[in-house]
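Before any comments, here is the structure.
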Amino acid sequence: MSVKLIPYLVMNGNAKEAIDFYQEALKAEVLYSQSFGEMPENPEFPLPEEAKNRISHATIKVGETELMLSDTFPGQPHQSGNQVTICISTKDANQSKAMFDALSNGGTVTMPLQETFFSPAYGGVIDKFGVTFQVYTEGEH
């Protein structure tokens, strides 16, 4: 079983600034960074101008540890103090589903586990203890 728990910081429009800061302060290496404006366009949901430069997803590496970051989408609620989530990353969609279902028991699904343009199975859930998890399946979809 290959599973990683990755801290995920959700920022309020300043993820790029945080990435630059961690590069300097922690000698972080940027493994991936994409803004909302760089994502594939969805004609059903036109992207507001103020969202285009916000980070939709980034991964940095500090030593042997990865840290993921993103910005909230304009208008989404953000409260300092609860911006850290845990991203569970696995290569097995069945394992992702089992963990997602288990975490959902007594919790709240924030995004159903589903295929996305970046994952064959991705979803979000707040467990019964109030901990926010993202379940991410690596690989082609």
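How things are named: the first chain in the structure tokens is A, the next is B, and so on; residues count from 1 in each chain; ligands count from 1 in the order shown.
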>> as a ChimeraX atom specification, please: the residues near Asp127 in chain A (cut-off 8 Å, only C-alpha atoms, same-chain neighbours under 2 positions excluded).
In response: /A:103-108,125,129-133
> If you count only C-alpha atoms, which residues fall within 8 Å of range 110-115 of chain A, apart from same-chain ones fewer than 4 positions away, as a PyMOL selection string?
Replying inline: chain A and resi 97+100+119-126+135+141
> Which is closest to Asn12 in chain A among A:Pro43, A:Pro48, A:Pro77, A:Gly63, if we use only C-alpha atoms?
Replying inline: A:Pro77
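Within range 65-117 of chain A, DSSP applied to the backbone places the following residues in strand (DSSP E or B): Thr65, Glu66, Leu67, Met68, Leu69, Ser70, Asp71, Val84, Thr85, Ile86, Cys87, Ile88, Ser89, Thr90, Thr108, Val109, Thr110, Met111, Pro112, Leu113 and Gln114 of chain A.
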Hey, can you spit out that residue selection with C-alpha atoms as a short mmCIF file (atom, residue, chain, number, x, y, z; two decimals), in the first residue's frame?
data_model
loop_
_atom_site.label_atom_id
_atom_site.label_comp_id
_atom_site.auth_asym_id
_atom_site.auth_seq_id
_atom_site.Cartn_x
_atom_site.Cartn_y
_atom_site.Cartn_z
CA THR A 65 8.60 16.54 2.27
CA GLU A 66 6.07 17.87 -0.18
CA LEU A 67 3.73 20.73 0.64
CA MET A 68 0.76 21.64 -1.55
CA LEU A 69 -0.85 25.06 -1.84
CA SER A 70 -3.70 26.78 -3.61
CA ASP A 71 -5.71 29.95 -3.39
CA VAL A 84 -4.52 23.54 6.35
CA THR A 85 -6.01 20.38 4.89
CA ILE A 86 -4.56 16.90 4.50
CA CYS A 87 -4.23 15.57 0.96
CA ILE A 88 -4.26 11.76 0.81
CA SER A 89 -2.43 10.70 -2.34
CA THR A 90 -2.56 7.18 -3.76
CA THR A 108 -19.52 16.14 5.28
CA VAL A 109 -18.64 15.67 1.63
CA THR A 110 -17.43 18.99 0.17
CA MET A 111 -16.76 17.54 -3.29
CA PRO A 112 -17.91 14.06 -4.31
CA LEU A 113 -15.17 11.65 -5.33
CA GLN A 114 -15.11 11.97 -9.12
#
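Closest approach to Pro74 in chain A among A:Ile60, A:Ala25, A:Met11, A:Met39 is made by A:Met11 (distances from only C-alpha atoms).
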> Given the choices A:Pro46, A:Ser80, A:Glu64, A:Ala58, which gets closest to Asp20 in chain A if the distance is worked out from only C-alpha atoms?
Replying inline: A:Ala58
> Neighbours of Val30 in chain A within 8 Å (only C-alpha atoms; same-chain residues fewer than 3 positions away dropped), as a count of residues only?
Replying inline: 7
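On the backbone of this structure, DSSP gives alpha helix (DSSP H) within chain A to Ala15, Lys16, Glu17, Ala18, Ile19, Asp20, Phe21, Tyr22, Gln23, Glu24, Ala25, Leu26, Ala93, Asn94, Gln95, Ser96, Lys97, Ala98, Met99, Phe100, Asp101, Ala102, Leu103 and Ser104 of chain A.
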For the selection you just gave me, I'd like the residues written to a file as a PDB file, in the first residue's frame, keeping N, CA and C atoms.
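Dumped to selection_26.pdb:
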ATOM      1  N   ALA A  15      -1.116  32.786  -2.433  1.00  0.00           N
ATOM      2  CA  ALA A  15      -0.341  31.542  -2.527  1.00  0.00           C
ATOM      3  C   ALA A  15       0.983  31.761  -3.260  1.00  0.00           C
ATOM      4  N   LYS A  16       0.978  32.557  -4.327  1.00  0.00           N
ATOM      5  CA  LYS A  16       2.223  32.827  -5.060  1.00  0.00           C
ATOM      6  C   LYS A  16       3.241  33.498  -4.137  1.00  0.00           C
ATOM      7  N   GLU A  17       2.768  34.440  -3.340  1.00  0.00           N
ATOM      8  CA  GLU A  17       3.648  35.105  -2.366  1.00  0.00           C
ATOM      9  C   GLU A  17       4.187  34.096  -1.353  1.00  0.00           C
ATOM     10  N   ALA A  18       3.323  33.173  -0.902  1.00  0.00           N
ATOM     11  CA  ALA A  18       3.749  32.150   0.059  1.00  0.00           C
ATOM     12  C   ALA A  18       4.787  31.220  -0.565  1.00  0.00           C
ATOM     13  N   ILE A  19       4.581  30.840  -1.825  1.00  0.00           N
ATOM     14  CA  ILE A  19       5.549  29.982  -2.512  1.00  0.00           C
ATOM     15  C   ILE A  19       6.901  30.678  -2.588  1.00  0.00           C
ATOM     16  N   ASP A  20       6.908  31.933  -2.986  1.00  0.00           N
ATOM     17  CA  ASP A  20       8.163  32.700  -3.057  1.00  0.00           C
ATOM     18  C   ASP A  20       8.824  32.774  -1.686  1.00  0.00           C
ATOM     19  N   PHE A  21       8.019  33.005  -0.667  1.00  0.00           N
ATOM     20  CA  PHE A  21       8.535  33.090   0.703  1.00  0.00           C
ATOM     21  C   PHE A  21       9.171  31.768   1.135  1.00  0.00           C
ATOM     22  N   TYR A  22       8.474  30.629   0.879  1.00  0.00           N
ATOM     23  CA  TYR A  22       9.001  29.325   1.284  1.00  0.00           C
ATOM     24  C   TYR A  22      10.235  28.935   0.472  1.00  0.00           C
ATOM     25  N   GLN A  23      10.313  29.403  -0.778  1.00  0.00           N
ATOM     26  CA  GLN A  23      11.525  29.163  -1.559  1.00  0.00           C
ATOM     27  C   GLN A  23      12.718  29.811  -0.868  1.00  0.00           C
ATOM     28  N   GLU A  24      12.519  31.018  -0.393  1.00  0.00           N
ATOM     29  CA  GLU A  24      13.597  31.746   0.269  1.00  0.00           C
ATOM     30  C   GLU A  24      13.840  31.225   1.685  1.00  0.00           C
ATOM     31  N   ALA A  25      12.782  31.141   2.462  1.00  0.00           N
ATOM     32  CA  ALA A  25      12.921  30.806   3.887  1.00  0.00           C
ATOM     33  C   ALA A  25      13.278  29.340   4.129  1.00  0.00           C
ATOM     34  N   LEU A  26      12.731  28.441   3.303  1.00  0.00           N
ATOM     35  CA  LEU A  26      12.921  27.010   3.534  1.00  0.00           C
ATOM     36  C   LEU A  26      13.711  26.324   2.430  1.00  0.00           C
ATOM     37  N   ALA A  93      -7.359   3.923  -7.421  1.00  0.00           N
ATOM     38  CA  ALA A  93      -8.678   4.549  -7.308  1.00  0.00           C
ATOM     39  C   ALA A  93      -9.595   3.803  -6.341  1.00  0.00           C
ATOM     40  N   ASN A  94      -9.469   2.484  -6.280  1.00  0.00           N
ATOM     41  CA  ASN A  94     -10.292   1.713  -5.335  1.00  0.00           C
ATOM     42  C   ASN A  94      -9.915   2.047  -3.893  1.00  0.00           C
ATOM     43  N   GLN A  95      -8.623   2.199  -3.652  1.00  0.00           N
ATOM     44  CA  GLN A  95      -8.150   2.578  -2.319  1.00  0.00           C
ATOM     45  C   GLN A  95      -8.631   3.992  -1.986  1.00  0.00           C
ATOM     46  N   SER A  96      -8.581   4.893  -2.972  1.00  0.00           N
ATOM     47  CA  SER A  96      -9.086   6.253  -2.760  1.00  0.00           C
ATOM     48  C   SER A  96     -10.559   6.223  -2.372  1.00  0.00           C
ATOM     49  N   LYS A  97     -11.352   5.425  -3.094  1.00  0.00           N
ATOM     50  CA  LYS A  97     -12.785   5.338  -2.819  1.00  0.00           C
ATOM     51  C   LYS A  97     -13.035   4.794  -1.411  1.00  0.00           C
ATOM     52  N   ALA A  98     -12.313   3.755  -1.035  1.00  0.00           N
ATOM     53  CA  ALA A  98     -12.500   3.161   0.295  1.00  0.00           C
ATOM     54  C   ALA A  98     -12.177   4.174   1.400  1.00  0.00           C
ATOM     55  N   MET A  99     -11.075   4.902   1.244  1.00  0.00           N
ATOM     56  CA  MET A  99     -10.702   5.892   2.260  1.00  0.00           C
ATOM     57  C   MET A  99     -11.683   7.059   2.266  1.00  0.00           C
ATOM     58  N   PHE A 100     -12.099   7.515   1.080  1.00  0.00           N
ATOM     59  CA  PHE A 100     -13.065   8.606   0.982  1.00  0.00           C
ATOM     60  C   PHE A 100     -14.376   8.221   1.670  1.00  0.00           C
ATOM     61  N   ASP A 101     -14.865   7.023   1.368  1.00  0.00           N
ATOM     62  CA  ASP A 101     -16.119   6.556   1.973  1.00  0.00           C
ATOM     63  C   ASP A 101     -15.994   6.458   3.491  1.00  0.00           C
ATOM     64  N   ALA A 102     -14.863   5.955   3.964  1.00  0.00           N
ATOM     65  CA  ALA A 102     -14.657   5.816   5.408  1.00  0.00           C
ATOM     66  C   ALA A 102     -14.611   7.192   6.081  1.00  0.00           C
ATOM     67  N   LEU A 103     -13.909   8.135   5.474  1.00  0.00           N
ATOM     68  CA  LEU A 103     -13.822   9.480   6.052  1.00  0.00           C
ATOM     69  C   LEU A 103     -15.170  10.195   6.005  1.00  0.00           C
ATOM     70  N   SER A 104     -15.999   9.862   5.023  1.00  0.00           N
ATOM     71  CA  SER A 104     -17.319  10.488   4.874  1.00  0.00           C
ATOM     72  C   SER A 104     -18.307  10.033   5.945  1.00  0.00           C
TER      73      SER A 104
END
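If you look at CA of Ala28 in chain A and CA of Thr116 in chain A, they are 27.8 Å away from each other.
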> So how far away is CA of Phe73 in chain A from CA of Glu38 in chain A, in Å?
Replying inline: 13.9 Å
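Taking CA of Thr72 in chain A and CA of Gln34 in chain A as the two end points, the separation is 13.4 Å.
The smallest atom-to-atom distance between Glu49 in chain A and any of A:Phe117, A:Phe36, A:Tyr136, A:Tyr8, using only C-alpha atoms, is found for A:Phe36.
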